[in-house]
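Note sheet for the following structure.
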Amino acid sequence: MRLFLSGSWLKEDGLYEAKIEDVRIIKLKDLKELDGNYFLVFSYDLTSDTLDVPIKKSDLPKLLAIKLDRLERMNALSYGDANLRFISSSLSDEDFMERVCATREFIKDGFIYQLNLTNRFDFFLERGDPFDLFYQFIQRQAVPYGFFLDLNEFFIVSGSMELFLEREGRRLLSKPIKGTSNSEEVLRKSQKDKSENLMITDMVRNDLGRIARTGSVRVNELFKITQYSTLFHMHSTVECQTDRILLDIIRAAFPPASVTGAPKRKAVEIIDMLEPHERSFYCGCAGLFFDNFNFTLSVLIRTAIGKGEALSYYAGCGIVWDSDPKRELQELYTKTKAFYDFRI
């Protein structure tokens with residue numbers, strides 16, 4: 001069993017290795033019984049519990065609680081060269097664009113306002129160890145919430161830059177990402193991306209409002225753009241004050257608004273109709289839970305899940321009424337570039 005975290009999880013640089021004391025598969029209700037420091041991994045499969053909506057499910061655990069003994073900074077690091085061979089995708093380019101059009105029809109008919117449509121890309125690891133793959137990934141694109149988890153039966157490689165929820169004391173923070181481009185200027189001027197971002201920001205306000213102290217929900221940032229090595233992202237920041245425990249917060253806010261759509265329940269139902277693949281841990285969340293109170297959870301975007309030499313990487317796009325299928329397809333591949341460059 002291995003767990004490595006980008007130092008930025010701890011507001012440090014470098015890479016940290018977790019010394020694992022125990023690993024348990026738990027249920028949502030067990031969150032209130034946790035005692036100590038943990039790394040938690042929530043599968044998107046838990047959507048069926050929090051929203052009571054039937055969805056496609058994987059054969060992997062819904063919720064992992066990895067008890068931490070300590071975190072040690074890695075000074076000397078040895079890694080090899082990892083090489084991937086692309087096998088297939090769950091949706092062809094044509095199928096993906098057709099589903100963008102189908103999503104627009106659902107929007108036109110008033111069922112939803114926005115939907116996050118994803119694709120799964122399957123690979124074979126021809127050379128190297130999964131850790132090598134993770135290290136190459138975060139070297140190509142530094143992100144605040146990178147981690148590598150290997151539990152022998154399966155592994156997770158995440159290069160996420162999205163904060164789902166962070167709690168420090170009574171302050172609860174969320175930074176939903178919506179809006180992607182190769183150009184900062186294009187993204188800054190894009191009314192489509194701003195509209196999409198605003199819809200999701202409003203959803204997060206609503207989610208946090210369920211567990212917030214009355215009158216404490218506020219938007220601190222709107223349409224902020226951050227540059228990464230392969231793209232630019234737009235995010236907003238929502239915060240509140242809360243006295244509620246992690247279990248209550250997850251029940252109110254999971255799955256993340258940015259990877260579902262608006263309204264959330266109907267978006268999840270349509271996602272399950274349009275996507276042929278189960279999402280598994282992708283579009284769930286993961287992160288550190290300290291002192292039985294404070295926590296930091298990332299949204300599991302830019303994430304690969306594997307067993308042995310076989311692995312799948314996922315990417316998605318937010319679809320609104322004025323989405324163009326070809327541009328959404330281009331954005332999809334922009335989001336794979338740091339992991340695997342298809343060069344299209």
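Starting from 1 in every chain, residues are counted up; chains themselves are A, B, ... following the order of the structure tokens, and ligands are numbered from 1 as listed.
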
Using only C-alpha atoms, what table do you get, as CSV, when you list each residue of segment 138-179 of chain A with an atom no more than 9 Å from segment 250-274 of chain A, its nearest pair of atoms, and their distance in Å rounded to one decimal, rows by chain then rising number?
residue,atom,partner,partner_atom,distance
A:Phe164,CA,A:Pro256,CA,6.7
A:Pro176,CA,A:Ser258,CA,5.9
A:Ile177,CA,A:Ser258,CA,6.5
A:Lys178,CA,A:Ser258,CA,6.8

Practice problem: Write out as number ranges by chain which residues come within 8 Å of Asn83 of chain A when counting only C-alpha atoms, dropping same-chain ones fewer than 6 positions away. | Solution: A: 125-128, 133

Self-check item: For Lys175 of chain A: contacts at 9 Å, only C-alpha atoms, fewer than 6 positions along chain excluded, given as number ranges by chain
Solution: A: 162-165, 201, 204, 221, 235-239

Exercise. Determine which residues of segment 158-266 of chain A receive a DSSP assignment of alpha helix (DSSP H), computed from the backbone, and state them as JSON, numbers by chain.
Key: {"A": [184, 185, 186, 187, 188, 189, 191, 192, 193, 194, 195, 196, 197, 198, 199, 200, 201, 202, 203, 204, 205, 206, 207, 208, 209, 246, 247, 248, 249, 250, 251, 252, 253, 264, 265, 266]}

Residue selection dump (C-alpha atoms) as a compact mmCIF listing (two decimals), in the first residue's frame:
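Output file out.txt is given in full below:
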# COMPACT_ATOMS: atom_id res chain seq x y z
CA GLU A 184 -6.36 33.58 -21.10
CA GLU A 185 -7.75 36.39 -23.25
CA VAL A 186 -10.32 34.13 -24.90
CA LEU A 187 -11.42 32.76 -21.53
CA ARG A 188 -11.66 36.22 -19.98
CA LYS A 189 -13.94 37.40 -22.81
CA GLN A 191 -19.65 34.88 -22.03
CA LYS A 192 -20.37 31.18 -22.44
CA ASP A 193 -17.76 30.22 -19.81
CA LYS A 194 -18.85 32.99 -17.45
CA SER A 195 -22.47 31.89 -17.75
CA GLU A 196 -21.49 28.28 -17.04
CA ASN A 197 -19.33 29.31 -14.11
CA LEU A 198 -22.11 31.45 -12.64
CA MET A 199 -24.63 28.59 -12.81
CA ILE A 200 -22.31 26.26 -10.90
CA THR A 201 -21.30 28.93 -8.40
CA ASP A 202 -24.99 29.46 -7.62
CA MET A 203 -25.41 25.70 -7.14
CA VAL A 204 -22.52 25.66 -4.67
CA ARG A 205 -24.10 28.58 -2.81
CA ASN A 206 -27.29 26.55 -2.56
CA ASP A 207 -25.46 23.39 -1.43
CA LEU A 208 -23.50 25.20 1.28
CA GLY A 209 -26.63 27.08 2.31
CA LEU A 246 -18.32 16.21 7.78
CA LEU A 247 -21.14 13.68 7.32
CA ASP A 248 -23.76 16.43 7.15
CA ILE A 249 -21.65 18.49 4.76
CA ILE A 250 -21.10 15.58 2.37
CA ARG A 251 -24.81 14.73 2.40
CA ALA A 252 -25.59 18.34 1.47
CA ALA A 253 -22.95 18.92 -1.21
CA LYS A 264 -28.09 18.52 -9.87
CA ARG A 265 -30.52 15.61 -9.51
CA LYS A 266 -31.88 15.83 -13.06

Practice problem: Extract, using only C-alpha atoms, all DNA, RNA and protein residues at most 7 Å from Glu17 of chain A, discarding same-chain residues fewer than 3 positions from it, and format them as JSON, numbers by chain. | Solution: {"A": [3, 4, 5, 71, 72, 73, 74]}

Quiz item: Using only C-alpha atoms, which residues sit within 8 Å of segment 300-304 of chain A once same-chain residues fewer than 3 positions away are excluded, as number ranges by chain?
Solution: A: 156-162, 281-286, 311-315, 335-336

Quiz prompt | Straight-line distance linking atom CA of Leu288 of chain A with atom CA of Phe39 of chain A, stated in Å to one decimal | solution = 4.6 Å
